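Source file data_36.tsv; content: TSV, C-alpha atoms (C1' of nucleotides).
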```tsv
chain	number	residue	atom	x	y	z
U	1	MET	CA	0.00	0.00	0.00
U	2	ILE	CA	1.22	3.43	-0.90
U	3	ALA	CA	1.00	6.23	1.62
U	4	VAL	CA	-0.60	9.26	0.06
U	5	LYS	CA	1.08	12.53	0.74
U	6	LEU	CA	-1.02	15.63	0.97
U	7	GLY	CA	1.45	17.34	-1.32
U	8	GLU	CA	0.66	14.78	-4.00
U	9	LEU	CA	-3.09	15.25	-3.79
U	10	TYR	CA	-3.23	17.97	-6.42
U	11	GLU	CA	-1.26	15.94	-8.91
U	12	ARG	CA	-3.31	12.84	-8.29
U	13	LEU	CA	-6.59	14.69	-8.71
U	14	ARG	CA	-5.34	16.39	-11.86
U	15	LEU	CA	-4.51	13.04	-13.40
U	16	ILE	CA	-7.99	11.77	-12.61
U	17	HIS	CA	-10.10	14.81	-13.46
U	18	GLY	CA	-7.94	16.80	-15.86
U	19	GLU	CA	-7.93	20.58	-15.94
U	20	LEU	CA	-11.02	22.24	-14.59
U	21	GLY	CA	-10.37	25.62	-16.18
U	22	LYS	CA	-12.62	28.26	-14.72
U	23	TRP	CA	-14.32	26.06	-12.18
U	24	TRP	CA	-16.44	28.69	-10.39
U	25	PRO	CA	-18.42	30.17	-13.27
U	26	GLY	CA	-19.66	33.70	-13.74
U	27	THR	CA	-18.45	37.25	-13.44
U	28	ARG	CA	-17.07	38.53	-10.18
U	29	GLU	CA	-20.47	39.99	-9.39
U	30	GLU	CA	-22.09	36.65	-10.00
U	31	ILE	CA	-19.53	34.86	-7.87
U	32	LEU	CA	-20.36	37.09	-4.91
U	33	ILE	CA	-23.99	36.12	-5.31
U	34	THR	CA	-23.52	32.42	-5.95
U	35	ALA	CA	-21.12	32.16	-3.03
U	36	ILE	CA	-24.12	32.69	-0.78
U	37	LEU	CA	-26.67	30.84	-2.90
U	38	THR	CA	-24.57	27.69	-2.94
U	39	GLN	CA	-24.41	27.34	0.82
U	40	SER	CA	-25.30	23.71	1.47
U	41	THR	CA	-27.02	23.59	-1.89
U	42	ASN	CA	-26.64	21.70	-5.13
U	43	TRP	CA	-25.15	23.85	-7.89
U	44	LYS	CA	-28.02	23.02	-10.22
U	45	ASN	CA	-30.39	24.83	-7.89
U	46	VAL	CA	-28.01	27.77	-7.72
U	47	GLU	CA	-28.12	28.02	-11.51
U	48	LYS	CA	-31.90	28.15	-11.52
U	49	ALA	CA	-31.86	30.94	-8.99
U	50	MET	CA	-29.23	32.86	-10.93
U	51	GLU	CA	-31.28	32.54	-14.10
U	52	ASN	CA	-34.23	34.07	-12.32
U	53	LEU	CA	-32.09	36.97	-11.18
U	54	LYS	CA	-30.66	37.56	-14.62
U	55	LYS	CA	-34.10	37.34	-16.16
U	56	VAL	CA	-35.19	40.27	-14.04
U	57	LEU	CA	-31.98	42.26	-13.84
U	58	GLY	CA	-30.44	41.51	-17.20
U	59	ASP	CA	-27.26	39.51	-17.50
U	60	GLU	CA	-24.91	42.43	-17.98
U	61	GLU	CA	-22.92	44.43	-15.43
U	62	ASN	CA	-24.24	46.28	-12.40
U	63	LEU	CA	-26.10	43.28	-11.10
U	64	LEU	CA	-25.19	44.22	-7.55
U	65	PRO	CA	-26.61	47.76	-7.44
U	66	LYS	CA	-29.79	46.47	-9.06
U	67	LEU	CA	-30.06	43.68	-6.52
U	68	HIS	CA	-29.53	46.18	-3.76
U	69	ASN	CA	-32.67	47.98	-4.87
U	70	LEU	CA	-34.84	44.91	-4.51
U	71	SER	CA	-36.62	44.21	-1.27
U	72	ARG	CA	-35.77	41.16	0.76
U	73	GLU	CA	-39.13	39.67	-0.20
U	74	GLU	CA	-38.66	40.23	-3.92
U	75	LEU	CA	-35.23	38.71	-3.66
U	76	ALA	CA	-36.55	35.68	-1.78
U	77	VAL	CA	-39.04	34.87	-4.53
U	78	LEU	CA	-36.38	35.02	-7.22
U	79	ILE	CA	-33.85	32.83	-5.45
U	80	LYS	CA	-36.41	30.31	-4.28
U	81	PRO	CA	-34.94	27.37	-6.24
U	82	SER	CA	-31.67	27.62	-4.31
U	83	GLY	CA	-33.41	26.67	-1.07
U	84	PHE	CA	-33.23	28.41	2.33
U	85	PHE	CA	-34.49	31.36	0.32
U	86	ASN	CA	-35.53	33.48	3.28
U	87	VAL	CA	-32.22	33.30	5.09
U	88	LYS	CA	-30.29	33.59	1.87
U	89	ALA	CA	-32.23	36.67	0.82
U	90	SER	CA	-31.26	38.29	4.11
U	91	ARG	CA	-27.67	37.20	3.73
U	92	LEU	CA	-27.51	38.64	0.25
U	93	LYS	CA	-28.95	41.89	1.45
U	94	ASN	CA	-26.36	41.98	4.22
U	95	LEU	CA	-23.54	41.48	1.76
U	96	LEU	CA	-24.99	44.07	-0.60
U	97	ALA	CA	-25.16	46.54	2.27
U	98	LEU	CA	-21.42	46.11	2.80
U	99	LEU	CA	-20.67	46.44	-0.90
U	100	SER	CA	-22.82	49.55	-1.15
U	101	LEU	CA	-20.47	51.26	1.30
U	102	TYR	CA	-17.87	50.98	-1.42
U	103	ASP	CA	-20.27	52.00	-4.20
U	104	PHE	CA	-20.11	48.41	-5.46
U	105	ASN	CA	-16.62	49.21	-6.68
U	106	LEU	CA	-15.08	45.73	-6.63
U	107	GLU	CA	-11.77	47.07	-7.88
U	108	ARG	CA	-11.46	49.25	-4.84
U	109	LEU	CA	-12.58	46.47	-2.50
U	110	GLY	CA	-9.99	44.20	-4.05
U	111	GLU	CA	-7.26	46.61	-3.06
U	112	ILE	CA	-8.02	46.12	0.60
U	113	GLU	CA	-5.46	43.98	2.38
U	114	THR	CA	-6.57	40.35	2.39
U	115	GLY	CA	-6.85	39.87	6.15
U	116	GLU	CA	-8.77	43.10	6.48
U	117	LEU	CA	-11.12	42.22	3.64
U	118	ARG	CA	-11.68	38.81	5.20
U	119	ARG	CA	-12.67	40.46	8.47
U	120	LEU	CA	-15.11	42.73	6.65
U	121	LEU	CA	-16.73	39.74	5.00
U	122	LEU	CA	-16.90	37.73	8.22
U	123	ASN	CA	-18.70	40.61	9.87
U	124	VAL	CA	-21.53	40.16	7.41
U	125	GLU	CA	-24.31	38.13	9.01
U	126	GLY	CA	-24.57	34.95	6.98
U	127	ILE	CA	-21.01	34.84	5.74
U	128	GLY	CA	-18.84	32.32	7.54
U	129	GLU	CA	-15.27	31.27	6.98
U	130	GLU	CA	-15.86	29.14	3.94
U	131	THR	CA	-18.03	31.66	2.12
U	132	ALA	CA	-15.63	34.46	2.97
U	133	ASP	CA	-12.66	32.52	1.66
U	134	ALA	CA	-14.53	31.44	-1.46
U	135	ILE	CA	-15.25	35.09	-2.18
U	136	LEU	CA	-11.64	36.03	-1.51
U	137	LEU	CA	-10.26	33.28	-3.72
U	138	TYR	CA	-12.67	33.28	-6.64
U	139	ALA	CA	-14.06	36.82	-6.76
U	140	PHE	CA	-11.09	38.81	-5.48
U	141	GLU	CA	-8.40	36.35	-6.50
U	142	LYS	CA	-6.59	36.34	-3.20
U	143	PRO	CA	-4.38	33.32	-2.44
U	144	VAL	CA	-6.56	31.91	0.34
U	145	PHE	CA	-7.35	28.21	0.49
U	146	VAL	CA	-11.02	27.31	0.83
U	147	VAL	CA	-11.94	24.55	3.26
U	148	ASP	CA	-15.32	22.89	2.89
U	149	SER	CA	-17.00	19.74	4.15
U	150	TYR	CA	-15.54	17.81	1.23
U	151	THR	CA	-12.04	18.90	2.13
U	152	ARG	CA	-12.54	17.54	5.62
U	153	ARG	CA	-14.09	14.38	4.29
U	154	ILE	CA	-11.12	13.73	2.03
U	155	LEU	CA	-8.68	14.44	4.82
U	156	GLU	CA	-10.57	11.95	6.92
U	157	ARG	CA	-11.06	9.24	4.34
U	158	VAL	CA	-7.90	9.50	2.30
U	159	PHE	CA	-5.50	10.49	5.00
U	160	GLY	CA	-7.20	9.15	8.09
U	161	GLU	CA	-6.80	12.52	9.71
U	162	LYS	CA	-9.06	14.12	12.24
U	163	PRO	CA	-9.75	17.35	10.38
U	164	GLY	CA	-9.64	19.75	13.33
U	165	THR	CA	-10.76	23.34	13.13
U	166	TYR	CA	-11.25	25.30	9.94
U	167	GLU	CA	-8.09	27.25	10.55
U	168	GLN	CA	-6.03	24.16	11.22
U	169	VAL	CA	-7.09	22.51	7.98
U	170	GLN	CA	-6.56	25.72	6.06
U	171	ARG	CA	-3.09	26.18	7.52
U	172	LEU	CA	-2.20	22.59	6.73
U	173	PHE	CA	-3.03	23.07	3.06
U	174	MET	CA	-1.43	26.49	2.90
U	175	THR	CA	1.74	25.10	4.47
U	176	VAL	CA	1.97	22.22	2.04
U	177	TYR	CA	0.97	24.22	-1.03
U	178	PRO	CA	2.58	27.57	-1.94
U	179	PRO	CA	0.28	30.58	-2.12
U	180	SER	CA	-1.04	30.66	-5.67
U	181	VAL	CA	-4.44	31.80	-6.81
U	182	PRO	CA	-4.72	29.45	-9.80
U	183	LEU	CA	-3.43	26.55	-7.72
U	184	TYR	CA	-5.83	27.13	-4.83
U	185	GLN	CA	-8.75	27.68	-7.16
U	186	GLU	CA	-8.00	24.52	-9.07
U	187	LEU	CA	-7.25	22.37	-6.01
U	188	HIS	CA	-10.44	23.30	-4.22
U	189	GLY	CA	-12.43	22.65	-7.38
U	190	LEU	CA	-10.74	19.30	-7.86
U	191	ILE	CA	-11.50	18.31	-4.29
U	192	VAL	CA	-15.16	19.16	-4.73
U	193	GLU	CA	-15.46	17.39	-8.06
U	194	HIS	CA	-13.67	14.33	-6.76
U	195	ALA	CA	-15.75	14.21	-3.60
U	196	LYS	CA	-19.00	14.56	-5.53
U	197	LYS	CA	-18.06	11.49	-7.54
U	198	PHE	CA	-16.45	9.26	-4.97
U	199	CYS	CA	-16.61	10.69	-1.46
U	200	THR	CA	-20.34	11.06	-1.04
U	201	THR	CA	-21.83	10.17	2.33
U	202	LYS	CA	-21.91	6.67	0.98
U	203	PRO	CA	-18.32	6.29	-0.17
U	204	LYS	CA	-17.75	4.81	-3.61
U	205	CYS	CA	-14.26	3.62	-2.94
U	206	ASP	CA	-14.80	0.62	-5.18
U	207	VAL	CA	-14.58	2.89	-8.21
U	208	CYS	CA	-12.33	5.60	-6.79
U	209	PRO	CA	-8.87	5.67	-8.35
U	210	ILE	CA	-7.15	6.70	-5.16
U	211	ALA	CA	-9.22	4.63	-2.75
U	212	LYS	CA	-6.57	1.96	-2.59
U	213	ASP	CA	-4.38	4.56	-0.94
U	214	CYS	CA	-7.05	5.68	1.50
U	215	LYS	CA	-6.87	5.14	5.22
U	216	THR	CA	-8.06	1.59	4.68
U	217	GLY	CA	-4.75	1.09	2.95
U	218	GLY	CA	-2.58	4.13	3.04
U	219	SER	CA	-1.45	6.35	5.82
U	220	PHE	CA	-1.09	10.03	6.15
U	221	THR	CA	2.27	11.72	5.82
U	222	ARG	CA	3.21	15.28	5.26
Y	1	DC	C1'	-40.47	7.06	0.14
Y	2	DA	C1'	-35.70	8.74	2.16
Y	3	DC	C1'	-31.60	11.24	1.72
Y	4	DC	C1'	-28.55	14.89	0.51
Y	5	DA	C1'	-26.44	19.17	-1.53
Y	6	DG	C1'	-19.82	23.61	-3.02
Y	7	DG	C1'	-23.08	26.64	5.28
Y	8	DC	C1'	-24.35	29.55	8.83
Y	9	DC	C1'	-26.44	30.87	13.15
Y	10	DC	C1'	-28.21	30.01	17.61
Y	11	DT	C1'	-28.62	27.35	21.67
Y	12	DA	C1'	-27.25	23.95	24.96
Y	13	DT	C1'	-23.79	21.16	27.01
X	1	DA	C1'	-14.90	23.23	21.62
X	2	DT	C1'	-18.54	20.43	19.91
X	3	DA	C1'	-23.46	18.74	18.92
X	4	DG	C1'	-27.91	19.39	17.28
X	5	DG	C1'	-31.84	21.86	15.14
X	6	DG	C1'	-33.65	25.14	11.73
X	7	DC	C1'	-33.59	26.91	7.27
X	8	DA	C1'	-36.11	24.62	1.96
X	9	DT	C1'	-35.73	23.40	-2.92
X	10	DG	C1'	-34.92	19.93	-6.44
X	11	DG	C1'	-32.27	15.71	-7.93
X	12	DT	C1'	-31.40	10.77	-7.37
```
Could you quickly redo this structure as structure tokens?
Amino acid sequence: MIAVKLGELYERLRLIHGELGKWWPGTREEILITAILTQSTNWKNVEKAMENLKKVLGDEENLLPKLHNLSREELAVLIKPSGFFNVKASRLKNLLALLSLYDFNLERLGEIETGELRRLLLNVEGIGEETADAILLYAFEKPVFVVDSYTRRILERVFGEKPGTYEQVQRLFMTVYPPSVPLYQELHGLIVEHAKKFCTTKPKCDVCPIAKDCKTGGSFTR
DNA sequence: CACCAGGCCCTAT
DNA sequence: ATAGGGCATGGT
């Protein structure tokens, strides 16, 4: 049995899934929106909700200011397919309120120091660590690694590791992998895509190419 | 029919 | 710190 090294994970996943390209679709404005819509929700449902929004607001720029002018109730109806529509409508409004303080100028927001911008996002009710980091990595292109439930699951199943806190997992990845926006974007996407195929709640290790190196066979090493 | 999906917040322990 | 419940639609 071969021990899988965390540092080899990216390469292994790349060989299995190829290049993802732009994994998180949409403009930066859309990414800010979908980051909230996708919370614990299938991407298909997020797409339906986004289509509703575009249908009403048009699919060109300035989505955010237009959204800001909708009421929470109007918003809730439009994003219904994404589930949790009441809480998500509030969360979106909260984020939009923050963005409005910067006149929805994403360029200017992007110039804010990463740690500071992260704090701003975390102060928004409804944005937790994962959503904040997803926004930082995919919308603002900051080299911050995103940790989600799949990342923990893979750490657990493939490496037999107790995941620990969000920060611990994030630091682990960011220690092993050098800070790189394309790398972090791609690696997180690969983890999600791999997990969706093989690391569902009912593991499909029988058809997973790296299952033979999982904790049932391999061991974790740095 | 049951179960889950690219979380977060609040409460209780 | 960690566990559990609520939030809700649509796909399998």
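Those residues of chain U that fall within 7 Å of chain X when using all atoms listed in the file read U:Asn45, U:Pro81, U:Ser82, U:Gly83, U:Phe84, U:Val87.
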Counting all atoms listed in the file, a student should be able to say which residues of chain Y come within 10 Å of chain U; what is the right answer, written as a PDB file with C-alpha atoms (C1' of nucleotides), in the coordinates of the input?
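Generated output (selection-v7.pdb):
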```pdb
ATOM      1  C1'  DC Y   3     -31.600  11.240   1.720  1.00  0.00           C
ATOM      2  C1'  DC Y   4     -28.550  14.890   0.510  1.00  0.00           C
ATOM      3  C1'  DA Y   5     -26.440  19.170  -1.530  1.00  0.00           C
ATOM      4  C1'  DG Y   6     -19.820  23.610  -3.020  1.00  0.00           C
ATOM      5  C1'  DG Y   7     -23.080  26.640   5.280  1.00  0.00           C
ATOM      6  C1'  DC Y   8     -24.350  29.550   8.830  1.00  0.00           C
ATOM      7  C1'  DC Y   9     -26.440  30.870  13.150  1.00  0.00           C
TER       8       DC Y   9
END
```
*Interatomic distance (Å, one decimal) between CA of Gln170 in chain U and CA of Met50 in chain U*: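 Taking CA of Gln170 in chain U as the start and CA of Met50 in chain U as the end point, the length is 29.2 Å.
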For range 39-49 of chain U, what centre and edge lengths in Å (one decimal) does the axis-aligned box get once 3 Å is added on each side of all its listed atoms, as AutoDock Vina command-line options?
```
--center_x -28.2 --center_y 26.3 --center_z -5.0 --size_x 13.5 --size_y 15.2 --size_z 19.0
```
*In Å, how far is it from CA of Lys80 in chain U to CA of Glu141 in chain U?*
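Between CA of Lys80 in chain U and CA of Glu141 in chain U the gap works out to 28.7 Å.
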_Protein, DNA and RNA residues within 12 Å of (-3.0, 23.5, -7.3), all atoms listed in the file, as a PyMOL selection string_ = chain U and resi 6-14+18-21+143-145+173-174+176-191
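The gap separating CA of Arg157 in chain U from CA of Leu15 in chain U is 19.3 Å, in Å to one decimal.
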*Skipping near chain neighbours, those fewer than 5 positions away, what residues fall within 12 Å of Asp103 in chain U using only C-alpha atoms (C1' of nucleotides), listed as a PyMOL selection string?*
chain U and resi 62+64-65+68+96-98+108-109
Generate the output file for the selected residues, C-alpha atoms, as a PDB file, in the coordinates of the input.
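And here is the file that came out, out-v2.pdb:
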```pdb
ATOM      1  CA  ASN U  62     -24.240  46.280 -12.400  1.00  0.00           C
ATOM      2  CA  LEU U  64     -25.190  44.220  -7.550  1.00  0.00           C
ATOM      3  CA  PRO U  65     -26.610  47.760  -7.440  1.00  0.00           C
ATOM      4  CA  HIS U  68     -29.530  46.180  -3.760  1.00  0.00           C
ATOM      5  CA  LEU U  96     -24.990  44.070  -0.600  1.00  0.00           C
ATOM      6  CA  ALA U  97     -25.160  46.540   2.270  1.00  0.00           C
ATOM      7  CA  LEU U  98     -21.420  46.110   2.800  1.00  0.00           C
ATOM      8  CA  ARG U 108     -11.460  49.250  -4.840  1.00  0.00           C
ATOM      9  CA  LEU U 109     -12.580  46.470  -2.500  1.00  0.00           C
TER      10      LEU U 109
END
```
_Restricting the calculation to only C-alpha atoms: of U:Arg153, U:Arg28, U:Lys66, U:Lys55, which residue gets closest to Phe140 in chain U?_
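Of the candidates, the smallest distance to Phe140 in chain U is held by U:Arg28.
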